[in-house]
Amino acid sequence: IAYTHARTYLRFWNRHGGWPMNIFLTPDLKPIFGATYIPAADRPPHQQGFGSLCTEFANKWTADKAELKGQAEDIFQKMKKSAEYPAGEKDSDLFAKAVADRSILKCLDDFEASFDGRFGGFDTKPKFPTPVVYHFLAHTGWAFFFVGCFAS
């Protein structure tokens, strides 16, 4: 599963992303469960290890495959719906609205404030890979150029 889709799922499911990403999928590639760091071995009393999680999911899959498939389909449909544009709108319409309500400018201000000019990247350590940030900045820069929505 592509990095962006995994990150989208983790943010949708946990309300945050992270690294490394671990996603358990159905055979038709719909997410059942996701988490960031999972240790190799159990860490009692609260954190299961990767092996224990694999065994647990295998047992659940064997015991009630239909329930897990239903949960995965429900999550998939919610993610799909959250990614859809409102009827009749295009990227440029949504971008112009985001500029008009200043939300994109607020994001850019926040990124500028958190940029680490000495060591690169954003915020302080630990500095995990955040390609979605660079994608947003590049996409926003091109959109400002092509759509002509220059902030004053």
# chains A, B, ... in the order shown; residues from 1 in each chain; ligands from 1
call {"tool": "residues_around", "arguments": {"residues": "Pro31 of chain A", "least_positions_apart": "6", "cutoff": "6 Å", "atoms": "only C-alpha atoms", "output": "JSON, numbers by chain"}}
result
{"A": [24, 25, 72]}
call {"tool": "write_last_selection", "arguments": {"atoms": "N, CA and C atoms", "output": "PDB file, in the first residue's frame"}}
result
ATOM      1  N   PHE A  24      -2.611  -3.426   8.884  1.00  0.00           N
ATOM      2  CA  PHE A  24      -3.092  -4.776   8.596  1.00  0.00           C
ATOM      3  C   PHE A  24      -4.217  -4.628   7.580  1.00  0.00           C
ATOM      4  N   LEU A  25      -4.138  -5.403   6.492  1.00  0.00           N
ATOM      5  CA  LEU A  25      -5.087  -5.282   5.386  1.00  0.00           C
ATOM      6  C   LEU A  25      -5.843  -6.588   5.158  1.00  0.00           C
ATOM      7  N   ALA A  72     -13.585  -3.317   7.795  1.00  0.00           N
ATOM      8  CA  ALA A  72     -12.651  -2.757   6.819  1.00  0.00           C
ATOM      9  C   ALA A  72     -13.402  -1.998   5.726  1.00  0.00           C
TER      10      ALA A  72
END
call {"tool": "select_by_dssp", "arguments": {"residues": "segment 5-80 of chain A", "states": "strand (DSSP E or B)", "output": "VMD selection string"}}
result
chain A and resid 22 to 25 31 to 35 43 47
call {"tool": "closest_residue", "arguments": {"among": "A:Pro131, A:Phe136, A:Asp123, A:Pro44", "to": "Cys107 of chain A", "atoms": "only C-alpha atoms"}}
result
A:Phe136
call {"tool": "residues_around", "arguments": {"residues": "segment 48-52 of chain A", "least_positions_apart": "2", "cutoff": "12 Å", "atoms": "only C-alpha atoms", "output": "list in words"}}
result
Asn22, Ile23, Phe24, Gly34, Ala35, Thr36, Tyr37, Ile38, Pro39, Ala40, Ala41, Asp42, Arg43, Pro44, Pro45, His46, Cys54, Thr55, Glu56, Phe57, Ala58 and Asn59 of chain A
call {"tool": "atom_distance", "arguments": {"atom1": "atom CA of Lys69 of chain A", "atom2": "atom CA of Ile32 of chain A"}}
result
7.8 Å
call {"tool": "atom_distance", "arguments": {"atom1": "atom CA of Gly70 of chain A", "atom2": "atom CA of Thr26 of chain A"}}
result
10.4 Å
